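Coordinates from work18.csv are shown below (CSV, N, CA, C and O atoms and all ligand atoms).
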```csv
chain,number,residue,atom,x,y,z
R,37,MET,N,86.5,5.1,-93.1
R,37,MET,CA,87.9,5.5,-92.9
R,37,MET,C,88.7,4.4,-92.4
R,37,MET,O,88.4,3.7,-91.5
R,38,SER,N,89.9,4.2,-93.0
R,38,SER,CA,90.7,3.1,-92.5
R,38,SER,C,91.7,3.7,-91.5
R,38,SER,O,92.1,4.8,-91.6
R,39,ARG,N,92.1,2.8,-90.6
R,39,ARG,CA,93.0,3.3,-89.5
R,39,ARG,C,94.3,2.5,-89.6
R,39,ARG,O,94.3,1.3,-90.0
R,40,PRO,N,95.4,3.2,-89.4
R,40,PRO,CA,96.6,2.5,-89.4
R,40,PRO,C,96.7,1.4,-88.3
R,40,PRO,O,96.1,1.6,-87.2
R,41,ARG,N,97.4,0.4,-88.6
R,41,ARG,CA,97.4,-0.7,-87.6
R,41,ARG,C,98.9,-0.9,-87.1
R,41,ARG,O,99.8,-0.4,-87.7
R,42,GLY,N,99.0,-1.7,-86.1
R,42,GLY,CA,100.3,-2.1,-85.6
R,42,GLY,C,100.6,-1.4,-84.3
R,42,GLY,O,100.0,-0.5,-83.9
R,43,GLY,N,101.6,-2.0,-83.6
R,43,GLY,CA,102.0,-1.4,-82.3
R,43,GLY,C,101.3,-2.2,-81.2
R,43,GLY,O,100.1,-2.4,-81.2
R,44,PRO,N,102.1,-2.7,-80.2
R,44,PRO,CA,101.6,-3.5,-79.1
R,44,PRO,C,100.6,-2.8,-78.3
R,44,PRO,O,99.7,-3.4,-77.6
R,45,TRP,N,100.7,-1.4,-78.3
R,45,TRP,CA,99.8,-0.6,-77.5
R,45,TRP,C,98.3,-0.7,-78.0
R,45,TRP,O,97.4,-0.3,-77.2
R,46,ARG,N,98.1,-1.1,-79.2
R,46,ARG,CA,96.8,-1.2,-79.7
R,46,ARG,C,95.8,-2.0,-78.8
R,46,ARG,O,94.7,-1.6,-78.6
R,47,LYS,N,96.4,-3.0,-78.2
R,47,LYS,CA,95.6,-3.9,-77.3
R,47,LYS,C,95.2,-3.2,-76.0
R,47,LYS,O,94.3,-3.6,-75.3
R,48,TRP,N,96.0,-2.2,-75.7
R,48,TRP,CA,95.7,-1.4,-74.4
R,48,TRP,C,94.3,-0.8,-74.5
R,48,TRP,O,93.7,-0.6,-73.5
R,49,TYR,N,93.9,-0.5,-75.7
R,49,TYR,CA,92.5,0.1,-75.8
R,49,TYR,C,91.4,-0.9,-75.4
R,49,TYR,O,90.3,-0.5,-75.2
R,50,ASN,N,91.8,-2.2,-75.4
R,50,ASN,CA,90.8,-3.2,-75.1
R,50,ASN,C,90.8,-3.6,-73.6
R,50,ASN,O,90.1,-4.5,-73.3
R,51,THR,N,91.6,-2.9,-72.8
R,51,THR,CA,91.7,-3.3,-71.4
R,51,THR,C,90.7,-2.6,-70.6
R,51,THR,O,90.2,-1.5,-70.9
R,52,ALA,N,90.3,-3.3,-69.5
R,52,ALA,CA,89.4,-2.7,-68.5
R,52,ALA,C,90.0,-1.5,-67.9
R,52,ALA,O,89.3,-0.5,-67.6
R,53,LYS,N,91.3,-1.5,-67.8
R,53,LYS,CA,92.0,-0.4,-67.2
R,53,LYS,C,91.8,0.9,-68.0
R,53,LYS,O,91.5,2.0,-67.5
R,54,TRP,N,91.9,0.7,-69.4
R,54,TRP,CA,91.7,1.9,-70.2
R,54,TRP,C,90.2,2.3,-70.2
R,54,TRP,O,89.9,3.5,-70.1
R,55,ALA,N,89.3,1.4,-70.1
R,55,ALA,CA,87.8,1.7,-70.1
R,55,ALA,C,87.6,2.5,-68.8
R,55,ALA,O,86.8,3.5,-68.8
R,56,ASP,N,88.2,2.1,-67.7
R,56,ASP,CA,88.0,2.8,-66.4
R,56,ASP,C,88.6,4.2,-66.5
R,56,ASP,O,88.0,5.2,-66.0
R,57,LEU,N,89.8,4.3,-67.0
R,57,LEU,CA,90.5,5.6,-67.2
R,57,LEU,C,89.7,6.6,-68.0
R,57,LEU,O,89.5,7.8,-67.7
R,58,LYS,N,89.2,6.1,-69.1
R,58,LYS,CA,88.4,6.9,-70.1
R,58,LYS,C,87.1,7.4,-69.3
R,58,LYS,O,86.8,8.6,-69.4
R,59,GLN,N,86.5,6.5,-68.6
R,59,GLN,CA,85.3,6.9,-67.9
R,59,GLN,C,85.6,8.0,-66.8
R,59,GLN,O,84.9,8.9,-66.7
R,60,GLU,N,86.7,7.8,-66.2
R,60,GLU,CA,87.2,8.7,-65.1
R,60,GLU,C,87.4,10.1,-65.7
R,60,GLU,O,87.1,11.1,-65.2
R,61,ALA,N,88.1,10.1,-66.9
R,61,ALA,CA,88.4,11.3,-67.6
R,61,ALA,C,87.1,12.1,-68.0
R,61,ALA,O,87.0,13.3,-67.8
R,62,HIS,N,86.2,11.3,-68.5
R,62,HIS,CA,84.9,11.9,-69.0
R,62,HIS,C,84.2,12.5,-67.8
R,62,HIS,O,83.6,13.6,-67.9
R,63,THR,N,84.2,11.8,-66.7
R,63,THR,CA,83.5,12.2,-65.5
R,63,THR,C,84.1,13.5,-65.0
R,63,THR,O,83.5,14.5,-64.7
R,64,ARG,N,85.5,13.4,-64.9
R,64,ARG,CA,86.2,14.6,-64.4
R,64,ARG,C,85.9,15.8,-65.3
R,64,ARG,O,85.8,16.9,-64.8
R,65,ASP,N,85.9,15.6,-66.6
R,65,ASP,CA,85.7,16.7,-67.5
R,65,ASP,C,84.2,17.0,-67.7
R,65,ASP,O,83.8,17.9,-68.5
R,66,LEU,N,83.3,16.3,-67.0
R,66,LEU,CA,81.9,16.5,-67.0
R,66,LEU,C,81.4,16.4,-68.5
R,66,LEU,O,80.5,17.1,-68.9
R,67,TYR,N,82.0,15.4,-69.2
R,67,TYR,CA,81.6,15.2,-70.6
R,67,TYR,C,81.6,16.4,-71.5
R,67,TYR,O,80.8,16.6,-72.4
R,68,THR,N,82.5,17.3,-71.1
R,68,THR,CA,82.6,18.5,-71.9
R,68,THR,C,83.9,18.5,-72.8
R,68,THR,O,85.0,18.2,-72.3
R,69,CYS,N,83.7,18.8,-74.0
R,69,CYS,CA,84.9,18.8,-74.9
R,69,CYS,C,85.9,19.8,-74.5
R,69,CYS,O,85.5,21.0,-74.3
R,70,GLN,N,87.1,19.4,-74.3
R,70,GLN,CA,88.1,20.3,-73.7
R,70,GLN,C,88.7,21.3,-74.8
R,70,GLN,O,89.5,22.2,-74.5
R,71,MET,N,88.2,21.1,-76.0
R,71,MET,CA,88.7,21.9,-77.1
R,71,MET,C,87.6,23.0,-77.5
R,71,MET,O,87.9,24.1,-77.6
R,72,CYS,N,86.4,22.5,-77.7
R,72,CYS,CA,85.4,23.4,-78.2
R,72,CYS,C,84.3,23.7,-77.1
R,72,CYS,O,83.5,24.6,-77.3
R,73,GLY,N,84.4,23.0,-76.0
R,73,GLY,CA,83.5,23.3,-74.9
R,73,GLY,C,82.1,22.8,-75.0
R,73,GLY,O,81.3,23.1,-74.1
R,74,ARG,N,81.7,22.0,-76.0
R,74,ARG,CA,80.4,21.5,-76.0
R,74,ARG,C,80.2,20.2,-75.2
R,74,ARG,O,81.2,19.5,-74.9
R,75,ILE,N,79.0,20.0,-74.8
R,75,ILE,CA,78.7,18.8,-74.0
R,75,ILE,C,78.7,17.6,-75.0
R,75,ILE,O,78.0,17.6,-76.0
R,76,CYS,N,79.4,16.5,-74.6
R,76,CYS,CA,79.5,15.3,-75.4
R,76,CYS,C,78.5,14.3,-74.9
R,76,CYS,O,78.8,13.4,-74.1
R,77,GLY,N,77.2,14.5,-75.3
R,77,GLY,CA,76.2,13.6,-74.8
R,77,GLY,C,75.8,12.5,-75.7
R,77,GLY,O,74.9,11.7,-75.4
R,78,GLY,N,76.4,12.4,-76.9
R,78,GLY,CA,76.0,11.5,-77.9
R,78,GLY,C,76.6,10.1,-77.6
R,78,GLY,O,77.4,9.9,-76.8
R,79,LYS,N,76.1,9.2,-78.4
R,79,LYS,CA,76.6,7.8,-78.4
R,79,LYS,C,77.5,7.6,-79.6
R,79,LYS,O,77.2,8.0,-80.7
R,80,TYR,N,78.7,6.9,-79.4
R,80,TYR,CA,79.6,6.6,-80.5
R,80,TYR,C,78.8,5.9,-81.6
R,80,TYR,O,78.0,5.0,-81.3
R,81,PRO,N,78.9,6.2,-82.9
R,81,PRO,CA,79.9,7.2,-83.5
R,81,PRO,C,79.3,8.6,-83.8
R,81,PRO,O,79.7,9.2,-84.7
R,82,ALA,N,78.4,9.1,-83.0
R,82,ALA,CA,77.8,10.4,-83.2
R,82,ALA,C,79.0,11.4,-83.0
R,82,ALA,O,79.9,11.2,-82.2
R,83,PRO,N,78.9,12.5,-83.8
R,83,PRO,CA,79.9,13.6,-83.7
R,83,PRO,C,80.0,14.1,-82.3
R,83,PRO,O,81.1,14.5,-81.9
R,84,ASP,N,78.9,14.1,-81.5
R,84,ASP,CA,79.0,14.7,-80.2
R,84,ASP,C,79.2,13.6,-79.1
R,84,ASP,O,78.9,13.8,-78.0
R,85,SER,N,79.7,12.4,-79.5
R,85,SER,CA,80.0,11.4,-78.5
R,85,SER,C,81.4,11.7,-78.0
R,85,SER,O,82.3,12.3,-78.6
R,86,PRO,N,81.6,11.4,-76.7
R,86,PRO,CA,82.9,11.7,-76.0
R,86,PRO,C,84.0,10.7,-76.4
R,86,PRO,O,83.7,9.5,-76.6
R,87,THR,N,85.2,11.3,-76.7
R,87,THR,CA,86.3,10.4,-76.9
R,87,THR,C,87.4,10.8,-76.0
R,87,THR,O,87.4,11.9,-75.5
R,88,ALA,N,88.3,9.9,-75.6
R,88,ALA,CA,89.4,10.1,-74.7
R,88,ALA,C,90.6,10.4,-75.6
R,88,ALA,O,91.0,9.5,-76.4
R,89,ASP,N,91.2,11.5,-75.4
R,89,ASP,CA,92.3,11.9,-76.3
R,89,ASP,C,93.6,12.0,-75.4
R,89,ASP,O,93.5,12.5,-74.3
R,90,HIS,N,94.7,11.5,-75.9
R,90,HIS,CA,96.0,11.7,-75.2
R,90,HIS,C,96.5,13.1,-75.6
R,90,HIS,O,96.8,13.4,-76.8
R,91,LYS,N,96.7,13.9,-74.6
R,91,LYS,CA,97.2,15.3,-74.9
R,91,LYS,C,98.6,15.2,-75.4
R,91,LYS,O,98.9,15.9,-76.4
R,92,GLU,N,99.4,14.5,-74.8
R,92,GLU,CA,100.7,14.3,-75.3
R,92,GLU,C,100.7,12.9,-75.9
R,92,GLU,O,100.4,11.9,-75.3
R,93,PRO,N,101.0,12.8,-77.2
R,93,PRO,CA,100.9,11.5,-77.9
R,93,PRO,C,101.8,10.5,-77.1
R,93,PRO,O,102.9,10.7,-76.8
R,94,HIS,N,101.2,9.3,-76.9
R,94,HIS,CA,101.9,8.3,-76.0
R,94,HIS,C,103.0,7.6,-76.8
R,94,HIS,O,104.0,7.2,-76.2
R,95,ARG,N,102.9,7.6,-78.1
R,95,ARG,CA,104.0,7.0,-78.9
R,95,ARG,C,104.5,5.6,-78.3
R,95,ARG,O,105.7,5.4,-78.3
R,96,GLY,N,103.5,4.9,-77.9
R,96,GLY,CA,103.9,3.6,-77.3
R,96,GLY,C,104.3,3.5,-75.9
R,96,GLY,O,104.7,2.5,-75.4
R,97,SER,N,104.3,4.7,-75.2
R,97,SER,CA,104.7,4.7,-73.8
R,97,SER,C,103.5,4.3,-72.9
R,97,SER,O,102.5,5.0,-72.9
R,98,GLU,N,103.7,3.2,-72.2
R,98,GLU,CA,102.6,2.8,-71.3
R,98,GLU,C,102.3,3.8,-70.3
R,98,GLU,O,101.1,4.0,-69.9
R,99,ALA,N,103.3,4.4,-69.8
R,99,ALA,CA,103.1,5.4,-68.7
R,99,ALA,C,102.2,6.6,-69.2
R,99,ALA,O,101.3,7.0,-68.5
R,100,LEU,N,102.5,7.1,-70.4
R,100,LEU,CA,101.7,8.2,-70.9
R,100,LEU,C,100.3,7.7,-71.3
R,100,LEU,O,99.3,8.4,-71.1
R,101,PHE,N,100.2,6.5,-71.8
R,101,PHE,CA,98.9,6.0,-72.3
R,101,PHE,C,98.0,5.9,-71.1
R,101,PHE,O,96.8,6.2,-71.2
R,102,PHE,N,98.4,5.4,-70.0
R,102,PHE,CA,97.6,5.2,-68.8
R,102,PHE,C,97.6,6.3,-67.8
R,102,PHE,O,97.3,6.1,-66.6
R,103,ASP,N,98.1,7.5,-68.2
R,103,ASP,CA,98.1,8.6,-67.3
R,103,ASP,C,96.9,9.5,-67.4
R,103,ASP,O,96.6,10.1,-68.4
R,104,ILE,N,96.1,9.4,-66.3
R,104,ILE,CA,94.8,10.2,-66.3
R,104,ILE,C,95.0,11.6,-66.6
R,104,ILE,O,94.2,12.3,-67.3
R,105,ASN,N,96.1,12.2,-66.2
R,105,ASN,CA,96.4,13.6,-66.4
R,105,ASN,C,96.8,13.9,-67.9
R,105,ASN,O,96.9,15.0,-68.3
R,106,ASN,N,97.0,12.8,-68.6
R,106,ASN,CA,97.4,13.0,-70.0
R,106,ASN,C,96.1,12.7,-70.9
R,106,ASN,O,96.3,12.7,-72.1
R,107,ILE,N,95.0,12.5,-70.3
R,107,ILE,CA,93.8,12.1,-71.1
R,107,ILE,C,92.8,13.2,-70.9
R,107,ILE,O,92.5,13.7,-69.8
R,108,GLN,N,92.2,13.7,-72.1
R,108,GLN,CA,91.2,14.7,-72.0
R,108,GLN,C,90.0,14.3,-72.9
R,108,GLN,O,90.1,13.5,-73.8
R,109,THR,N,88.9,14.8,-72.5
R,109,THR,CA,87.6,14.5,-73.3
R,109,THR,C,87.5,15.4,-74.5
R,109,THR,O,87.7,16.7,-74.3
R,110,LEU,N,87.3,14.8,-75.6
R,110,LEU,CA,87.1,15.6,-76.8
R,110,LEU,C,85.8,15.1,-77.5
R,110,LEU,O,85.6,13.9,-77.4
R,111,CYS,N,85.1,16.0,-78.2
R,111,CYS,CA,84.0,15.5,-79.0
R,111,CYS,C,84.6,14.7,-80.2
R,111,CYS,O,85.7,15.1,-80.6
R,112,LYS,N,83.9,13.7,-80.6
R,112,LYS,CA,84.4,12.9,-81.7
R,112,LYS,C,84.7,13.7,-82.9
R,112,LYS,O,85.8,13.6,-83.5
R,113,SER,N,83.7,14.6,-83.3
R,113,SER,CA,83.9,15.4,-84.5
R,113,SER,C,83.4,16.8,-84.3
R,113,SER,O,82.3,16.9,-83.7
R,114,PRO,N,84.1,17.8,-84.6
R,114,PRO,CA,85.3,17.7,-85.4
R,114,PRO,C,86.6,17.6,-84.5
R,114,PRO,O,87.7,17.2,-85.1
R,115,CYS,N,86.6,17.9,-83.2
R,115,CYS,CA,87.8,18.0,-82.5
R,115,CYS,C,88.7,16.8,-82.5
R,115,CYS,O,89.9,16.9,-82.9
R,116,HIS,N,88.2,15.6,-82.1
R,116,HIS,CA,89.1,14.5,-82.0
R,116,HIS,C,89.6,14.0,-83.3
R,116,HIS,O,90.7,13.7,-83.5
R,117,ASP,N,88.6,14.0,-84.3
R,117,ASP,CA,89.0,13.6,-85.6
R,117,ASP,C,90.1,14.5,-86.2
R,117,ASP,O,91.1,14.0,-86.9
R,118,LYS,N,90.0,15.8,-85.9
R,118,LYS,CA,90.9,16.7,-86.4
R,118,LYS,C,92.3,16.5,-85.8
R,118,LYS,O,93.3,16.5,-86.4
R,119,VAL,N,92.3,16.3,-84.5
R,119,VAL,CA,93.5,16.1,-83.7
R,119,VAL,C,94.2,14.9,-84.2
R,119,VAL,O,95.4,14.8,-84.4
R,120,LYS,N,93.4,13.8,-84.3
R,120,LYS,CA,94.0,12.5,-84.8
R,120,LYS,C,94.7,12.6,-86.2
R,120,LYS,O,95.7,12.2,-86.4
R,121,GLN,N,93.9,13.3,-87.0
R,121,GLN,CA,94.5,13.5,-88.4
R,121,GLN,C,95.8,14.2,-88.4
R,121,GLN,O,96.7,13.8,-89.0
R,122,ALA,N,95.8,15.3,-87.7
R,122,ALA,CA,97.0,16.2,-87.6
R,122,ALA,C,98.1,15.4,-87.0
R,122,ALA,O,99.3,15.4,-87.5
R,123,ASP,N,97.8,14.6,-85.9
R,123,ASP,CA,98.8,13.9,-85.2
R,123,ASP,C,99.4,12.7,-86.1
R,123,ASP,O,100.6,12.5,-86.1
R,124,GLU,N,98.5,12.0,-86.8
R,124,GLU,CA,98.9,10.9,-87.6
R,124,GLU,C,99.8,11.5,-88.8
R,124,GLU,O,100.7,10.9,-89.2
R,125,GLN,N,99.3,12.6,-89.3
R,125,GLN,CA,100.1,13.2,-90.4
R,125,GLN,C,101.4,13.6,-89.9
R,125,GLN,O,102.4,13.4,-90.6
R,126,ALA,N,101.5,14.2,-88.7
R,126,ALA,CA,102.8,14.6,-88.2
R,126,ALA,C,103.7,13.4,-88.0
R,126,ALA,O,104.9,13.5,-88.3
R,127,SER,N,103.1,12.3,-87.5
R,127,SER,CA,104.0,11.2,-87.2
R,127,SER,C,104.5,10.6,-88.5
R,127,SER,O,105.6,10.1,-88.6
R,128,VAL,N,103.7,10.7,-89.5
R,128,VAL,CA,104.1,10.2,-90.8
R,128,VAL,C,105.3,11.0,-91.3
R,128,VAL,O,106.3,10.5,-91.8
R,129,ASN,N,105.1,12.3,-91.2
R,129,ASN,CA,106.2,13.2,-91.6
R,129,ASN,C,107.5,13.1,-90.8
R,129,ASN,O,108.6,13.1,-91.4
R,130,GLU,N,107.3,12.8,-89.5
R,130,GLU,CA,108.5,12.7,-88.7
R,130,GLU,C,109.2,11.4,-88.9
R,130,GLU,O,110.4,11.4,-88.9
R,131,ARG,N,108.5,10.3,-89.0
R,131,ARG,CA,109.1,9.1,-89.0
R,131,ARG,C,108.9,8.2,-90.2
R,131,ARG,O,109.5,7.2,-90.4
R,132,GLY,N,108.0,8.7,-91.1
R,132,GLY,CA,107.8,8.0,-92.3
R,132,GLY,C,107.1,6.7,-92.3
R,132,GLY,O,107.0,6.0,-93.2
R,133,ILE,N,106.5,6.4,-91.1
R,133,ILE,CA,105.7,5.2,-91.0
R,133,ILE,C,104.4,5.5,-90.3
R,133,ILE,O,104.2,6.5,-89.6
R,134,TRP,N,103.4,4.7,-90.5
R,134,TRP,CA,102.1,4.8,-89.8
R,134,TRP,C,102.1,3.8,-88.7
R,134,TRP,O,102.6,2.7,-88.8
R,135,TYR,N,101.6,4.3,-87.6
R,135,TYR,CA,101.4,3.3,-86.5
R,135,TYR,C,100.3,3.8,-85.6
R,135,TYR,O,99.7,4.8,-85.8
C,1,ZN,ZN,84.9,19.6,-79.6
```
Can I see the file as C-alpha cells?
Amino acid sequence: MSRPRGGPWRKWYNTAKWADLKQEAHTRDLYTCQMCGRICGGKYPAPDSPTADHKEPHRGSEALFFDINNIQTLCKSPCHDKVKQADEQASVNERGIWY
C-alpha cells in the first residue's frame, strides 16, 4: 500500500518524543485496542500490533500531534487501517489534496 507523502509533521513520527508518547499511550491503554477491545500483543506489521492513533486528526498541529490525551491505542487491522482510510478519504474530499 502506498502512503501519501508531504507535510513537515511527517518527521515528527521519527522523533524520540513521539516514540515515548506512543509507548506511554499503549501502556496507559494496557495495549488494548480502544475501538474493538482486543489486546494488541503482536509485532508490527501484524494485524494485532498496537498503533497510536490521533483521535482528533492533527492536520499538522504540533500541539495535537504531541498531546497524549489525543492519542489512543488501536489494533493495526482492521481498526487503525480503517480509521486511516476513512480519514484520508475525508481529507481528500474536504481539501482535494493528499497529505
Ligand atoms: Zn481493534
Per residue of chain R within 4.5 Å of ligand ZN 1 (chain C), what are the shortest atom pair and its distance in Å to one decimal, counting all atoms listed in the file, with rows by chain and residue number, as a tab-separated table?
```
residue	atom	partner	partner_atom	distance
R:Cys72	N	C:ZN1	ZN	3.8
R:Cys111	N	C:ZN1	ZN	3.9
R:Cys115	N	C:ZN1	ZN	4.3
```
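Straight-line separation from atom N of R:Leu110 to atom O of R:Ala55: 13.2 Å.
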Exercise for the section: Could you give me the residues within stretch 38-134 of chain R that DSSP places in alpha helix (DSSP H), as a ChimeraX atom specification? Expected result: /R:52-64,98-101,117-131
Could you list, as an mmCIF file with N, CA, C and O atoms, keeping the file's coordinate frame, every residue within 5 Å of R:Gln108, counting only N, CA, C and O atoms and ignoring same-chain residues fewer than 6 positions away?
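Listing of result-v6.cif after writing:
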```
data_model
loop_
_atom_site.group_PDB
_atom_site.id
_atom_site.type_symbol
_atom_site.label_atom_id
_atom_site.label_comp_id
_atom_site.auth_asym_id
_atom_site.auth_seq_id
_atom_site.Cartn_x
_atom_site.Cartn_y
_atom_site.Cartn_z
ATOM 1 N N THR R 87 85.200 11.300 -76.700
ATOM 2 C CA THR R 87 86.300 10.400 -76.900
ATOM 3 C C THR R 87 87.400 10.800 -76.000
ATOM 4 O O THR R 87 87.400 11.900 -75.500
ATOM 5 N N ALA R 88 88.300 9.900 -75.600
ATOM 6 C CA ALA R 88 89.400 10.100 -74.700
ATOM 7 C C ALA R 88 90.600 10.400 -75.600
ATOM 8 O O ALA R 88 91.000 9.500 -76.400
ATOM 9 N N ASP R 89 91.200 11.500 -75.400
ATOM 10 C CA ASP R 89 92.300 11.900 -76.300
ATOM 11 C C ASP R 89 93.600 12.000 -75.400
ATOM 12 O O ASP R 89 93.500 12.500 -74.300
#
```
Exercise for the section: Between atom C of R:Tyr49 and atom CA of R:Lys91, measure the distance and give it in Å to one decimal. Expected result: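 Computing the Euclidean distance for atom C of R:Tyr49 and atom CA of R:Lys91 yields 17.2 Å.
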Handout entry: Atomic separation - atom C of R:Gln121 relative to atom N of R:Arg64, Å
Key =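 Distance reported for this atom pair: 25.7 Å.
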Handout entry: Option closest in space to R:Asp84, from R:Lys112, R:Ala122, R:Gly96, R:Asn105 [counting only N, CA, C and O atoms]
Key =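 Among the listed residues, the smallest separation from R:Asp84 belongs to R:Lys112.
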Problem - Distance query R:Ser113 at most 8 Å, all atoms listed in the file, self and fewer than 5 positions along chain excluded, as a PyMOL selection string - result: chain R and resi 81-87+118
Please dump the current selection as a PDB file, keeping the file's coordinate frame; keep N, CA, C and O atoms.
```pdb
ATOM      1  N   PRO R  81      78.900   6.200 -82.900  1.00  0.00           N
ATOM      2  CA  PRO R  81      79.900   7.200 -83.500  1.00  0.00           C
ATOM      3  C   PRO R  81      79.300   8.600 -83.800  1.00  0.00           C
ATOM      4  O   PRO R  81      79.700   9.200 -84.700  1.00  0.00           O
ATOM      5  N   ALA R  82      78.400   9.100 -83.000  1.00  0.00           N
ATOM      6  CA  ALA R  82      77.800  10.400 -83.200  1.00  0.00           C
ATOM      7  C   ALA R  82      79.000  11.400 -83.000  1.00  0.00           C
ATOM      8  O   ALA R  82      79.900  11.200 -82.200  1.00  0.00           O
ATOM      9  N   PRO R  83      78.900  12.500 -83.800  1.00  0.00           N
ATOM     10  CA  PRO R  83      79.900  13.600 -83.700  1.00  0.00           C
ATOM     11  C   PRO R  83      80.000  14.100 -82.300  1.00  0.00           C
ATOM     12  O   PRO R  83      81.100  14.500 -81.900  1.00  0.00           O
ATOM     13  N   ASP R  84      78.900  14.100 -81.500  1.00  0.00           N
ATOM     14  CA  ASP R  84      79.000  14.700 -80.200  1.00  0.00           C
ATOM     15  C   ASP R  84      79.200  13.600 -79.100  1.00  0.00           C
ATOM     16  O   ASP R  84      78.900  13.800 -78.000  1.00  0.00           O
ATOM     17  N   SER R  85      79.700  12.400 -79.500  1.00  0.00           N
ATOM     18  CA  SER R  85      80.000  11.400 -78.500  1.00  0.00           C
ATOM     19  C   SER R  85      81.400  11.700 -78.000  1.00  0.00           C
ATOM     20  O   SER R  85      82.300  12.300 -78.600  1.00  0.00           O
ATOM     21  N   PRO R  86      81.600  11.400 -76.700  1.00  0.00           N
ATOM     22  CA  PRO R  86      82.900  11.700 -76.000  1.00  0.00           C
ATOM     23  C   PRO R  86      84.000  10.700 -76.400  1.00  0.00           C
ATOM     24  O   PRO R  86      83.700   9.500 -76.600  1.00  0.00           O
ATOM     25  N   THR R  87      85.200  11.300 -76.700  1.00  0.00           N
ATOM     26  CA  THR R  87      86.300  10.400 -76.900  1.00  0.00           C
ATOM     27  C   THR R  87      87.400  10.800 -76.000  1.00  0.00           C
ATOM     28  O   THR R  87      87.400  11.900 -75.500  1.00  0.00           O
ATOM     29  N   LYS R 118      90.000  15.800 -85.900  1.00  0.00           N
ATOM     30  CA  LYS R 118      90.900  16.700 -86.400  1.00  0.00           C
ATOM     31  C   LYS R 118      92.300  16.500 -85.800  1.00  0.00           C
ATOM     32  O   LYS R 118      93.300  16.500 -86.400  1.00  0.00           O
TER      33      LYS R 118
END
```
Exercise for the section: Write down as a PyMOL selection string the residues belonging to stretch 61-128 of chain R that are assigned strand (DSSP E) by DSSP computed on the backbone. Expected result: chain R and resi 86-90+107-111
Would you mind exporting N, CA, C and O atoms of the selected residues as a compact mmCIF listing (two decimals), in the frame of the given file?
```
# COMPACT_ATOMS: atom_id res chain seq x y z
N PRO R 86 81.60 11.40 -76.70
CA PRO R 86 82.90 11.70 -76.00
C PRO R 86 84.00 10.70 -76.40
O PRO R 86 83.70 9.50 -76.60
N THR R 87 85.20 11.30 -76.70
CA THR R 87 86.30 10.40 -76.90
C THR R 87 87.40 10.80 -76.00
O THR R 87 87.40 11.90 -75.50
N ALA R 88 88.30 9.90 -75.60
CA ALA R 88 89.40 10.10 -74.70
C ALA R 88 90.60 10.40 -75.60
O ALA R 88 91.00 9.50 -76.40
N ASP R 89 91.20 11.50 -75.40
CA ASP R 89 92.30 11.90 -76.30
C ASP R 89 93.60 12.00 -75.40
O ASP R 89 93.50 12.50 -74.30
N HIS R 90 94.70 11.50 -75.90
CA HIS R 90 96.00 11.70 -75.20
C HIS R 90 96.50 13.10 -75.60
O HIS R 90 96.80 13.40 -76.80
N ILE R 107 95.00 12.50 -70.30
CA ILE R 107 93.80 12.10 -71.10
C ILE R 107 92.80 13.20 -70.90
O ILE R 107 92.50 13.70 -69.80
N GLN R 108 92.20 13.70 -72.10
CA GLN R 108 91.20 14.70 -72.00
C GLN R 108 90.00 14.30 -72.90
O GLN R 108 90.10 13.50 -73.80
N THR R 109 88.90 14.80 -72.50
CA THR R 109 87.60 14.50 -73.30
C THR R 109 87.50 15.40 -74.50
O THR R 109 87.70 16.70 -74.30
N LEU R 110 87.30 14.80 -75.60
CA LEU R 110 87.10 15.60 -76.80
C LEU R 110 85.80 15.10 -77.50
O LEU R 110 85.60 13.90 -77.40
N CYS R 111 85.10 16.00 -78.20
CA CYS R 111 84.00 15.50 -79.00
C CYS R 111 84.60 14.70 -80.20
O CYS R 111 85.70 15.10 -80.60
```
Problem - Distance query R:Tyr67 at most 8 Å, only C-alpha atoms, self and fewer than 6 positions along chain excluded, as a list in words - result: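 Returned residues: Ile75, Cys76, Gly77, Pro86 and Thr109 of chain R.
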Exercise for the section: Could you check which of R:His90, R:Ser97, R:Trp45, R:Ile107 is closest to R:Lys120, using only C-alpha atoms? Expected result: R:His90
